[in-house]
>>> print(open('model03.tsv').read())   # TSV, C-alpha atoms and all ligand atoms
chain	number	residue	atom	x	y	z
A	1	MET	CA	1.06	10.42	-21.28
A	2	SER	CA	4.38	9.31	-22.72
A	3	THR	CA	4.59	6.78	-25.54
A	4	VAL	CA	6.08	3.42	-24.68
A	5	HIS	CA	8.20	0.85	-26.45
A	6	GLU	CA	7.95	-1.86	-23.82
A	7	THR	CA	5.91	-2.77	-20.76
A	8	THR	CA	5.89	0.06	-18.24
A	9	LEU	CA	4.07	1.15	-15.14
A	10	GLU	CA	3.72	4.90	-15.47
A	11	ILE	CA	3.57	6.70	-12.11
A	12	ASN	CA	2.03	10.14	-12.18
A	13	LEU	CA	3.24	12.39	-9.36
A	14	LYS	CA	0.65	15.06	-10.22
A	15	SER	CA	-2.05	12.51	-9.41
A	16	LEU	CA	-0.25	11.73	-6.15
A	17	GLU	CA	-0.34	15.44	-5.32
A	18	HIS	CA	-4.06	15.57	-6.13
A	19	ASN	CA	-4.77	12.62	-3.82
A	20	TYR	CA	-2.64	14.09	-1.05
A	21	ASN	CA	-4.55	17.38	-1.24
A	22	TYR	CA	-7.87	15.53	-1.12
A	23	LEU	CA	-6.87	13.54	1.98
A	24	LYS	CA	-5.48	16.68	3.66
A	25	SER	CA	-8.84	18.38	3.07
A	26	LYS	CA	-10.46	15.62	5.16
A	27	ILE	CA	-8.38	16.25	8.28
A	28	ALA	CA	-7.82	19.25	10.54
A	29	LYS	CA	-4.76	21.45	9.89
A	30	ASP	CA	-2.90	20.27	12.98
A	31	VAL	CA	-3.35	16.56	12.24
A	32	LYS	CA	-0.24	14.99	10.72
A	33	LEU	CA	-0.45	12.70	7.70
A	34	MET	CA	1.87	9.71	7.67
A	35	GLY	CA	2.66	8.46	4.17
A	36	VAL	CA	2.54	4.66	4.02
A	37	VAL	CA	5.11	3.65	1.39
A	38	LYS	CA	5.51	-0.06	2.15
A	39	ALA	CA	5.68	-2.73	-0.56
A	40	PHE	CA	7.55	-0.42	-2.99
A	41	GLY	CA	4.98	2.33	-2.45
A	42	TYR	CA	2.08	-0.07	-3.09
A	43	GLY	CA	3.86	-1.36	-6.16
A	44	SER	CA	4.85	2.05	-7.55
A	45	GLU	CA	8.27	3.44	-6.57
A	46	SER	CA	8.72	4.12	-2.87
A	47	ALA	CA	11.64	6.55	-2.97
A	48	GLU	CA	10.10	8.77	-5.68
A	49	ILE	CA	6.78	8.72	-3.83
A	50	ALA	CA	8.46	9.59	-0.53
A	51	LYS	CA	10.44	12.45	-2.12
A	52	LYS	CA	7.32	13.93	-3.66
A	53	LEU	CA	5.32	13.55	-0.44
A	54	SER	CA	8.16	15.11	1.51
A	55	ALA	CA	8.10	18.10	-0.87
A	56	LEU	CA	4.34	18.35	-0.26
A	57	GLY	CA	4.93	18.52	3.49
A	58	VAL	CA	4.61	14.94	4.69
A	59	GLY	CA	6.89	14.61	7.69
A	60	TYR	CA	6.51	10.93	8.58
A	61	PHE	CA	6.66	7.68	6.63
A	62	ALA	CA	5.73	4.09	7.37
A	63	VAL	CA	6.99	0.86	5.86
A	64	ALA	CA	6.22	-2.74	6.80
A	65	TYR	CA	9.72	-4.18	7.01
A	66	THR	CA	13.17	-3.00	7.96
A	67	GLN	CA	14.69	-3.51	4.50
A	68	GLU	CA	12.07	-1.16	3.05
A	69	GLY	CA	13.12	1.53	5.52
A	70	ILE	CA	16.79	1.00	4.70
A	71	ALA	CA	16.01	1.40	0.98
A	72	LEU	CA	14.43	4.79	1.73
A	73	ARG	CA	17.43	5.86	3.81
A	74	ASP	CA	19.75	4.78	0.94
A	75	ALA	CA	17.65	6.94	-1.38
A	76	GLY	CA	18.20	9.96	0.86
A	77	ILE	CA	14.91	10.12	2.76
A	78	THR	CA	15.64	11.79	6.09
A	79	GLU	CA	12.18	12.00	7.69
A	80	PRO	CA	11.29	9.66	10.56
A	81	ILE	CA	10.24	6.22	9.31
A	82	LEU	CA	8.02	3.89	11.31
A	83	VAL	CA	8.68	0.19	10.66
A	84	LEU	CA	5.28	-1.43	11.20
A	85	HIS	CA	6.39	-5.02	11.47
A	86	PRO	CA	10.03	-5.39	12.51
A	87	GLN	CA	11.62	-8.59	13.79
A	88	SER	CA	14.16	-8.76	16.59
A	89	ALA	CA	16.87	-9.85	14.11
A	90	ASN	CA	16.64	-6.35	12.56
A	91	PHE	CA	16.96	-4.24	15.70
A	92	GLU	CA	20.62	-3.22	15.34
A	93	GLU	CA	20.03	-2.14	11.73
A	94	ILE	CA	16.92	-0.27	12.80
A	95	ILE	CA	18.92	1.81	15.25
A	96	GLU	CA	21.91	2.24	12.90
A	97	ARG	CA	19.63	3.59	10.15
A	98	CYS	CA	17.48	5.72	12.50
A	99	LEU	CA	14.29	3.77	11.82
A	100	GLU	CA	11.56	3.64	14.43
A	101	PRO	CA	10.10	0.26	15.40
A	102	SER	CA	6.54	-0.67	16.12
A	103	ILE	CA	6.65	-2.55	19.42
A	104	TYR	CA	3.83	-5.05	19.44
A	105	SER	CA	4.70	-7.74	22.00
A	106	GLU	CA	6.54	-8.26	25.24
A	107	PHE	CA	9.14	-10.30	23.32
A	108	VAL	CA	9.99	-7.45	20.93
A	109	LEU	CA	9.84	-4.82	23.70
A	110	ASN	CA	12.35	-6.73	25.79
A	111	ALA	CA	14.58	-7.48	22.78
A	112	PHE	CA	14.50	-3.89	21.52
A	113	ILE	CA	15.35	-2.41	24.93
A	114	LYS	CA	18.31	-4.81	25.21
A	115	THR	CA	19.60	-3.78	21.76
A	116	ALA	CA	19.08	-0.07	22.48
A	117	GLU	CA	20.97	-0.40	25.78
A	118	LYS	CA	23.78	-2.34	24.11
A	119	LEU	CA	24.15	0.44	21.52
A	120	GLY	CA	24.16	3.09	24.26
A	121	GLN	CA	20.85	4.71	23.23
A	122	LYS	CA	18.90	7.17	25.37
A	123	GLU	CA	15.17	7.71	24.75
A	124	TYR	CA	15.23	5.97	21.36
A	125	PRO	CA	11.79	6.53	19.76
A	126	ILE	CA	9.47	3.52	19.75
A	127	HIS	CA	5.81	3.18	18.81
A	128	LEU	CA	3.47	1.05	20.94
A	129	LYS	CA	1.07	-1.00	18.86
A	130	LEU	CA	-2.26	-1.79	20.51
A	131	ASN	CA	-4.53	-4.64	19.48
A	132	THR	CA	-8.07	-3.22	19.56
A	133	GLY	CA	-9.75	-6.02	17.64
A	134	LEU	CA	-7.89	-6.80	14.43
A	135	ASN	CA	-6.05	-9.54	16.33
A	136	ARG	CA	-3.01	-9.28	14.12
A	137	LEU	CA	-0.31	-7.46	16.09
A	138	GLY	CA	-0.30	-5.50	19.32
A	139	PHE	CA	-0.76	-5.41	23.08
A	140	ILE	CA	-4.14	-5.97	24.70
A	141	ALA	CA	-5.21	-4.01	27.80
A	142	PRO	CA	-4.22	-6.65	30.43
A	143	GLU	CA	-0.64	-6.62	29.06
A	144	LEU	CA	-0.07	-2.91	29.63
A	145	ASN	CA	1.15	-3.25	33.22
A	146	LYS	CA	3.99	-5.45	31.95
A	147	VAL	CA	4.83	-2.78	29.36
A	148	PHE	CA	4.94	-0.09	32.07
A	149	GLU	CA	7.37	-2.22	34.12
A	150	TYR	CA	9.78	-2.52	31.20
A	151	LEU	CA	9.55	1.20	30.43
A	152	LYS	CA	10.18	2.12	34.05
A	153	LYS	CA	13.32	0.02	34.22
A	154	SER	CA	15.06	1.54	31.19
A	155	ASP	CA	15.59	5.00	29.73
A	156	ALA	CA	17.02	3.55	26.51
A	157	VAL	CA	13.66	3.98	24.80
A	158	LYS	CA	10.85	6.53	24.80
A	159	VAL	CA	7.30	6.09	23.50
A	160	LYS	CA	6.84	8.50	20.60
A	161	SER	CA	3.43	7.27	19.57
A	162	ILE	CA	0.64	4.89	20.50
A	163	PHE	CA	-1.27	3.37	17.63
A	164	SER	CA	-3.69	0.72	16.52
A	165	HIS	CA	-5.24	-0.43	13.25
A	166	LEU	CA	-8.89	-0.64	12.19
A	167	ALA	CA	-10.23	-3.95	10.91
A	168	ALA	CA	-13.11	-2.70	8.75
A	169	SER	CA	-13.01	1.07	8.35
A	170	GLU	CA	-14.33	0.81	4.77
A	171	ASP	CA	-17.29	-1.37	5.75
A	172	TRP	CA	-20.44	0.43	6.95
A	173	LYS	CA	-21.94	-2.84	8.20
A	174	GLU	CA	-19.11	-3.01	10.73
A	175	ARG	CA	-19.62	0.51	12.08
A	176	GLU	CA	-20.49	-0.79	15.55
A	177	PHE	CA	-17.28	-2.84	15.66
A	178	THR	CA	-15.17	0.10	14.50
A	179	LEU	CA	-16.66	2.35	17.19
A	180	GLN	CA	-15.79	-0.34	19.74
A	181	GLN	CA	-12.21	-0.36	18.46
A	182	LEU	CA	-12.05	3.43	18.87
A	183	GLY	CA	-13.41	3.15	22.40
A	184	LYS	CA	-10.82	0.55	23.38
A	185	PHE	CA	-8.08	2.67	21.82
A	186	ARG	CA	-9.06	5.78	23.79
A	187	LYS	CA	-9.23	3.83	27.02
A	188	MET	CA	-5.87	2.12	26.60
A	189	ALA	CA	-4.20	5.35	25.44
A	190	PHE	CA	-5.53	7.16	28.52
A	191	SER	CA	-4.09	4.55	30.86
A	192	ILE	CA	-0.72	4.81	29.07
A	193	PHE	CA	-0.78	8.64	29.38
A	194	GLN	CA	-1.45	8.34	33.10
A	195	ASN	CA	1.35	5.89	33.61
A	196	LEU	CA	4.01	7.59	31.47
A	197	GLN	CA	3.21	11.13	32.62
A	198	TYR	CA	3.67	12.39	29.05
A	199	LYS	CA	1.56	12.23	25.92
A	200	PRO	CA	2.84	10.31	22.92
A	201	LEU	CA	1.11	10.92	19.55
A	202	LEU	CA	-2.06	8.91	18.92
A	203	HIS	CA	-3.01	7.42	15.54
A	204	ILE	CA	-5.38	4.74	14.31
A	205	ALA	CA	-7.00	5.81	11.01
A	206	ASN	CA	-5.98	4.37	7.64
A	207	THR	CA	-7.38	5.80	4.37
A	208	SER	CA	-10.96	4.64	4.91
A	209	GLY	CA	-10.69	5.68	8.56
A	210	ILE	CA	-9.82	9.23	7.43
A	211	ILE	CA	-12.86	9.32	5.17
A	212	ASN	CA	-15.45	7.49	7.29
A	213	TYR	CA	-14.40	8.32	10.87
A	214	PRO	CA	-13.28	11.96	11.11
A	215	GLU	CA	-13.51	11.63	14.91
A	216	ALA	CA	-10.69	9.05	14.72
A	217	ALA	CA	-7.99	11.35	13.32
A	218	PHE	CA	-6.37	11.99	16.73
A	219	ASP	CA	-2.84	13.46	16.22
A	220	MET	CA	-1.97	11.67	13.00
A	221	VAL	CA	-3.51	9.53	10.26
A	222	ARG	CA	-1.78	6.88	8.16
A	223	SER	CA	-2.66	6.79	4.50
A	224	GLY	CA	-1.53	4.33	1.88
A	225	ILE	CA	-4.15	3.34	-0.67
A	226	GLY	CA	-5.73	6.83	-0.77
A	227	LEU	CA	-2.44	8.45	-1.77
A	228	TYR	CA	-2.19	5.97	-4.63
A	229	GLY	CA	-5.67	6.96	-5.77
A	230	PHE	CA	-8.17	4.51	-4.29
A	231	GLY	CA	-10.96	5.17	-1.80
A	232	ASN	CA	-12.33	1.66	-1.25
A	233	ASP	CA	-15.68	3.04	-2.42
A	234	GLU	CA	-16.96	4.07	-5.84
A	235	LYS	CA	-18.09	7.51	-4.61
A	236	ILE	CA	-14.76	8.29	-2.97
A	237	ASP	CA	-12.88	6.98	-6.02
A	238	GLU	CA	-14.45	9.82	-8.01
A	239	ASN	CA	-12.38	12.28	-5.98
A	240	LEU	CA	-9.11	10.43	-6.38
A	241	LYS	CA	-6.76	9.64	-9.27
A	242	PRO	CA	-5.00	6.27	-9.48
A	243	ILE	CA	-1.35	7.19	-9.90
A	244	GLY	CA	-0.36	4.14	-11.99
A	245	THR	CA	-1.03	3.27	-15.63
A	246	LEU	CA	0.07	-0.17	-16.79
A	247	LYS	CA	1.01	-0.05	-20.46
A	248	THR	CA	2.54	-2.32	-23.00
A	249	ILE	CA	2.70	-2.71	-26.78
A	250	ILE	CA	1.62	-5.18	-29.42
A	251	SER	CA	4.56	-7.52	-30.15
A	252	GLN	CA	2.99	-9.56	-32.93
A	253	ILE	CA	-0.35	-9.93	-34.73
A	254	HIS	CA	-1.75	-13.25	-36.00
A	255	GLU	CA	-4.69	-14.14	-38.16
A	256	LEU	CA	-6.38	-17.37	-37.07
A	257	ALA	CA	-8.59	-19.48	-39.29
A	258	PRO	CA	-11.66	-21.11	-37.71
A	259	GLY	CA	-10.57	-24.09	-35.60
A	260	GLU	CA	-7.08	-22.77	-34.82
A	261	SER	CA	-6.20	-22.37	-31.15
A	262	VAL	CA	-4.15	-19.89	-29.09
A	263	GLY	CA	-1.64	-20.51	-26.33
A	264	TYR	CA	-1.01	-23.20	-23.75
A	265	ASN	CA	-3.46	-26.06	-23.48
A	266	ARG	CA	-5.26	-24.61	-26.51
A	267	ALA	CA	-7.55	-22.80	-24.07
A	268	PHE	CA	-8.98	-20.56	-26.84
A	269	THR	CA	-10.18	-21.86	-30.18
A	270	ALA	CA	-11.30	-19.52	-32.95
A	271	SER	CA	-14.85	-20.17	-34.12
A	272	GLU	CA	-14.42	-17.78	-37.03
A	273	LYS	CA	-11.61	-15.81	-38.61
A	274	THR	CA	-9.95	-14.06	-35.63
A	275	MET	CA	-7.18	-11.48	-35.35
A	276	THR	CA	-5.03	-11.87	-32.22
A	277	ALA	CA	-2.20	-9.85	-30.73
A	278	THR	CA	0.55	-11.05	-28.42
A	279	LEU	CA	1.59	-8.69	-25.61
A	280	PRO	CA	4.92	-8.77	-23.71
A	281	ILE	CA	3.38	-9.05	-20.23
A	282	GLY	CA	2.35	-12.16	-18.29
A	283	HIS	CA	1.74	-13.63	-14.88
A	284	ALA	CA	5.38	-13.08	-13.89
A	285	ASP	CA	4.65	-9.36	-14.27
A	286	GLY	CA	1.63	-9.57	-11.99
A	287	VAL	CA	-1.15	-10.13	-14.51
A	288	ASN	CA	-2.36	-13.38	-13.01
A	289	ARG	CA	-3.99	-16.31	-14.74
A	290	GLN	CA	-7.34	-15.26	-13.27
A	291	TYR	CA	-7.43	-12.46	-15.87
A	292	GLY	CA	-7.27	-14.90	-18.76
A	293	ASN	CA	-9.87	-16.72	-20.80
A	294	GLY	CA	-12.02	-13.69	-21.48
A	295	ARG	CA	-12.44	-12.59	-17.88
A	296	ALA	CA	-10.51	-9.31	-18.32
A	297	GLY	CA	-9.42	-7.22	-21.26
A	298	VAL	CA	-7.18	-4.36	-22.29
A	299	PHE	CA	-7.63	-1.14	-24.23
A	300	ILE	CA	-6.16	-0.17	-27.59
A	301	LYS	CA	-7.06	3.41	-28.54
A	302	ASP	CA	-10.14	3.26	-26.30
A	303	GLN	CA	-11.33	-0.02	-27.81
A	304	TYR	CA	-11.73	-3.07	-25.59
A	305	ALA	CA	-9.85	-6.25	-26.48
A	306	PRO	CA	-10.44	-9.34	-24.30
A	307	ILE	CA	-7.58	-11.51	-23.07
A	308	ILE	CA	-8.00	-14.92	-24.71
A	309	GLY	CA	-6.67	-18.28	-23.60
A	310	ASN	CA	-4.36	-18.81	-20.64
A	311	VAL	CA	-2.08	-15.99	-19.48
A	312	CYS	CA	1.53	-17.19	-19.95
A	313	MET	CA	4.47	-16.31	-17.72
A	314	ASP	CA	5.85	-13.60	-20.04
A	315	MET	CA	3.06	-12.98	-22.52
A	316	LEU	CA	-0.65	-12.89	-23.02
A	317	MET	CA	-2.83	-12.89	-26.08
A	318	ILE	CA	-5.82	-10.70	-26.89
A	319	ASP	CA	-8.56	-10.72	-29.48
A	320	ILE	CA	-8.22	-7.64	-31.71
A	321	THR	CA	-10.75	-8.64	-34.36
A	322	GLY	CA	-12.25	-5.45	-35.77
A	323	ILE	CA	-9.79	-3.13	-33.99
A	324	ASP	CA	-7.67	-0.93	-36.22
A	325	CYS	CA	-4.15	-1.47	-34.83
A	326	LYS	CA	-0.67	-2.63	-35.77
A	327	GLU	CA	2.43	-4.16	-34.23
A	328	GLY	CA	4.14	-1.62	-31.94
A	329	ASP	CA	0.89	0.11	-30.97
A	330	GLU	CA	0.27	1.04	-27.34
A	331	VAL	CA	-1.98	-1.11	-25.15
A	332	ILE	CA	-3.33	-0.10	-21.73
A	333	LEU	CA	-4.14	-2.73	-19.11
A	334	PHE	CA	-5.26	-0.34	-16.40
A	335	GLY	CA	-5.34	3.39	-15.85
A	336	GLY	CA	-6.73	5.71	-18.52
A	337	PRO	CA	-9.84	4.07	-20.02
A	338	GLN	CA	-9.92	1.21	-17.48
A	339	HIS	CA	-10.02	1.99	-13.75
A	340	PRO	CA	-7.64	-0.38	-11.91
A	341	THR	CA	-10.44	-1.35	-9.51
A	342	VAL	CA	-12.55	-2.51	-12.48
A	343	PHE	CA	-9.63	-4.53	-13.83
A	344	ALA	CA	-8.92	-5.99	-10.35
A	345	ALA	CA	-12.54	-7.08	-9.94
A	346	LYS	CA	-12.34	-9.05	-13.19
A	347	GLY	CA	-9.47	-11.00	-11.65
A	348	ASN	CA	-11.45	-11.54	-8.43
A	349	THR	CA	-9.26	-9.24	-6.40
A	350	ILE	CA	-8.98	-5.70	-5.00
A	351	SER	CA	-6.89	-2.64	-5.84
A	352	TYR	CA	-4.39	-3.34	-3.02
A	353	GLU	CA	-3.47	-6.77	-4.40
A	354	LEU	CA	-3.45	-5.71	-8.06
A	355	ILE	CA	-1.08	-2.76	-7.66
A	356	THR	CA	1.29	-4.34	-5.13
A	357	GLY	CA	1.47	-7.42	-7.36
A	358	ILE	CA	2.98	-5.68	-10.41
A	359	SER	CA	6.38	-7.32	-10.28
A	360	GLN	CA	9.74	-5.60	-10.18
A	361	ARG	CA	10.39	-6.78	-13.76
A	362	VAL	CA	8.04	-4.07	-15.03
A	363	LYS	CA	9.88	-0.82	-15.65
A	364	ARG	CA	8.60	2.11	-13.58
A	365	VAL	CA	8.45	5.46	-15.38
A	366	ILE	CA	7.85	8.60	-13.34
A	367	VAL	CA	5.85	11.39	-14.99
A	368	GLU	CA	4.65	14.69	-13.58
A	369	GLU	CA	2.01	16.13	-15.88
B	1	LIG	C1	-0.87	-0.72	5.34
B	1	LIG	C2	-1.25	-0.05	6.59
B	1	LIG	C3	-1.86	1.23	6.58
B	1	LIG	C4	-2.34	1.91	5.32
B	1	LIG	O1	-3.66	1.49	5.06
B	1	LIG	P1	-4.47	2.04	3.78
B	1	LIG	O2	-5.78	1.34	3.85
B	1	LIG	O3	-3.67	1.63	2.59
B	1	LIG	O4	-4.56	3.51	3.92
B	1	LIG	C5	-2.04	1.87	7.79
B	1	LIG	N1	-1.68	1.27	8.96
B	1	LIG	C6	-1.14	0.03	9.01
B	1	LIG	C7	-0.80	-0.57	10.32
B	1	LIG	C8	-0.93	-0.69	7.83
B	1	LIG	O5	-0.41	-1.92	7.89
>>> encode(input="model03.tsv", output="structure tokens")
Amino acid sequence: MSTVHETTLEINLKSLEHNYNYLKSKIAKDVKLMGVVKAFGYGSESAEIAKKLSALGVGYFAVAYTQEGIALRDAGITEPILVLHPQSANFEEIIERCLEPSIYSEFVLNAFIKTAEKLGQKEYPIHLKLNTGLNRLGFIAPELNKVFEYLKKSDAVKVKSIFSHLAASEDWKEREFTLQQLGKFRKMAFSIFQNLQYKPLLHIANTSGIINYPEAAFDMVRSGIGLYGFGNDEKIDENLKPIGTLKTIISQIHELAPGESVGYNRAFTASEKTMTATLPIGHADGVNRQYGNGRAGVFIKDQYAPIIGNVCMDMLMIDITGIDCKEGDEVILFGGPQHPTVFAAKGNTISYELITGISQRVKRVIVEE
């Protein structure tokens, strides 16, 4: 670990490699792994993550929005990139930057074909999104005949893959529902195969799908959270390494006499002599107010120091009474001694929200050790 002089999110590419190898060990050799690098690589650094994954052999990426795909192209990523949630306003840019759209409704299918024809495209790769029960995006079975009509009328596009998304792959209580989703997916995919007379790639599994439903790997799996080191389950977490460590330093130390208060609205009052430290990280950095008032804490040299009072926009205060430390010392919010999932739970949230919420103000530092 490198020493810090300011707030940083340290991203460890060796941990990414470890997680990638673990996920690969869960799927057959001929199944492709798509690296999901949306939302700045789940709050890390999407281009560095994509470069490392590419070096490890990942041949396909996914992002949520067009601008995220463009950022990867600008960073020199040349692999195919699936845009999971494009809007018709982005279609020209999608084609200009060789991004591949998820087509999830008749409206976007029609609009994308029109744009592809206008730009003189032949067999431009598209990905058909099927709604098998999440009810978020995608075609349902009765809409497929309409899709076939559009595809018959134009050779500007070609279906490269057919995919869907699981609603509860991490939840064993919803096993029945997940199996139903898989059944619907197989049935709809088969009818598309028959109609198109060729076989696009099939994919449905996210990280928990890879782990809990090996029969759902099909031709490709899409992993996000697993690559970043989370398994949505304590047992699986043991095999993975969170890639991010959120660190900062002690800016200033104060000694409070009994009765003195700390921070906005005087939310903490010392009942005895109390040593406090002020840290240069606040809710504008993604450490939300839910973590304040003793609900979460940080680590200084493996000693726990609770957050006291209200988290401010740019700062927060901790109780360091009895901890041997000084101004300038390193403080760890998550990673190292505190698993991010444990920290997230103290703020009433989950790993996905915690890590994607670390704002762009926090400096990202890439390490490989
Ligand atoms: C975000 C996303 C994924 C990745 O899911 P994880 O649980 O992070 O592995 C896969 N597919 C779709 C459609 C997504 O939106």
>>> axis_aligned_box(input="model03.tsv", around="range 29-38 of chain A", padding_each_side="8 Å", output="JSON")
{"center_x": 0.4, "center_y": 10.7, "center_z": 7.2, "size_x": 26.3, "size_y": 37.5, "size_z": 27.6}
>>> residues_near_ligand(input="model03.tsv", ligand="ligand LIG 1 (chain B)", cutoff="7 Å", atoms="all atoms listed in the file", output="list in words")
Val36, Ala64, Leu84, Ser164, His165, Asn206, Thr207, Ser208, Arg222, Ser223, Gly224, Ile225 and Gly226 of chain A
>>> closest_residue(input="model03.tsv", among="A:Thr274, A:Ser251, A:Asn145, A:Asn293", to="Gly322 in chain A", atoms="all atoms listed in the file")
A:Thr274
>>> closest_residue(input="model03.tsv", among="A:Leu279, A:Ile70, A:Met317, A:Ala296", to="Val262 in chain A", atoms="only C-alpha atoms")
A:Met317
>>> atom_distance(input="model03.tsv", atom1="CA of Ile140 in chain A", atom2="CA of Ile162 in chain A")
12.6 Å
>>> atom_distance(input="model03.tsv", atom1="CA of Glu260 in chain A", atom2="CA of Leu316 in chain A")
16.7 Å
>>> residues_around(input="model03.tsv", residues="Ser271 in chain A", least_positions_apart="3", cutoff="10 Å", atoms="only C-alpha atoms", output="JSON, numbers by chain")
{"A": [256, 257, 258, 259, 260, 261, 268, 274]}
>>> write_last_selection(input="model03.tsv", atoms="C-alpha atoms", output="PDB file, keeping the file's coordinate frame")
ATOM      1  CA  LEU A 256      -6.380 -17.370 -37.070  1.00  0.00           C
ATOM      2  CA  ALA A 257      -8.590 -19.480 -39.290  1.00  0.00           C
ATOM      3  CA  PRO A 258     -11.660 -21.110 -37.710  1.00  0.00           C
ATOM      4  CA  GLY A 259     -10.570 -24.090 -35.600  1.00  0.00           C
ATOM      5  CA  GLU A 260      -7.080 -22.770 -34.820  1.00  0.00           C
ATOM      6  CA  SER A 261      -6.200 -22.370 -31.150  1.00  0.00           C
ATOM      7  CA  PHE A 268      -8.980 -20.560 -26.840  1.00  0.00           C
ATOM      8  CA  THR A 274      -9.950 -14.060 -35.630  1.00  0.00           C
TER       9      THR A 274
END
>>> residues_near_point(input="model03.tsv", point="(9.6, 11.2, 5.9)", cutoff="12 Å", atoms="all atoms listed in the file", output="ChimeraX atom specification")
/A:32-37,46-63,69,72-73,75-82,98-100
>>> closest_residue(input="model03.tsv", among="A:Gln303, A:Gln360, A:Thr248, A:Asn310", to="Thr8 in chain A", atoms="only C-alpha atoms")
A:Thr248
>>> decode(input="model03.tsv", residues="range 265-270 of chain A", atoms="all heavy atoms", output="compact mmCIF listing (two decimals), in the first residue's frame")
# COMPACT_ATOMS: atom_id res chain seq x y z
N ASN A 265 -24.91 21.71 13.91
CA ASN A 265 -26.06 21.41 14.77
C ASN A 265 -25.65 20.79 16.11
O ASN A 265 -26.47 20.25 16.82
CB ASN A 265 -27.08 20.52 14.06
CG ASN A 265 -27.42 21.07 12.68
OD1 ASN A 265 -26.99 20.50 11.66
ND2 ASN A 265 -28.11 22.17 12.65
N ARG A 266 -24.34 20.87 16.39
CA ARG A 266 -23.80 20.38 17.67
C ARG A 266 -24.27 18.94 17.93
O ARG A 266 -24.62 18.57 19.06
CB ARG A 266 -24.24 21.30 18.82
CG ARG A 266 -23.92 22.77 18.54
CD ARG A 266 -24.17 23.62 19.76
NE ARG A 266 -23.29 23.20 20.85
CZ ARG A 266 -23.61 23.34 22.15
NH1 ARG A 266 -24.78 23.82 22.50
NH2 ARG A 266 -22.78 22.96 23.06
N ALA A 267 -24.23 18.12 16.85
CA ALA A 267 -24.83 16.78 16.96
C ALA A 267 -24.07 15.86 17.92
O ALA A 267 -24.63 14.88 18.39
CB ALA A 267 -24.92 16.14 15.58
N PHE A 268 -22.80 16.16 18.20
CA PHE A 268 -22.05 15.38 19.20
C PHE A 268 -21.61 16.31 20.32
O PHE A 268 -21.07 17.39 20.06
CB PHE A 268 -20.81 14.73 18.57
CG PHE A 268 -19.93 14.02 19.56
CD1 PHE A 268 -20.18 12.70 19.92
CD2 PHE A 268 -18.85 14.67 20.16
CE1 PHE A 268 -19.36 12.04 20.84
CE2 PHE A 268 -18.03 14.03 21.09
CZ PHE A 268 -18.29 12.70 21.43
N THR A 269 -21.83 15.89 21.55
CA THR A 269 -21.34 16.65 22.69
C THR A 269 -20.48 15.73 23.55
O THR A 269 -20.89 14.60 23.86
CB THR A 269 -22.51 17.20 23.54
OG1 THR A 269 -23.35 17.99 22.69
CG2 THR A 269 -22.00 18.07 24.67
N ALA A 270 -19.30 16.21 23.90
CA ALA A 270 -18.38 15.39 24.71
C ALA A 270 -18.89 15.28 26.14
O ALA A 270 -19.27 16.29 26.75
CB ALA A 270 -17.00 16.04 24.69
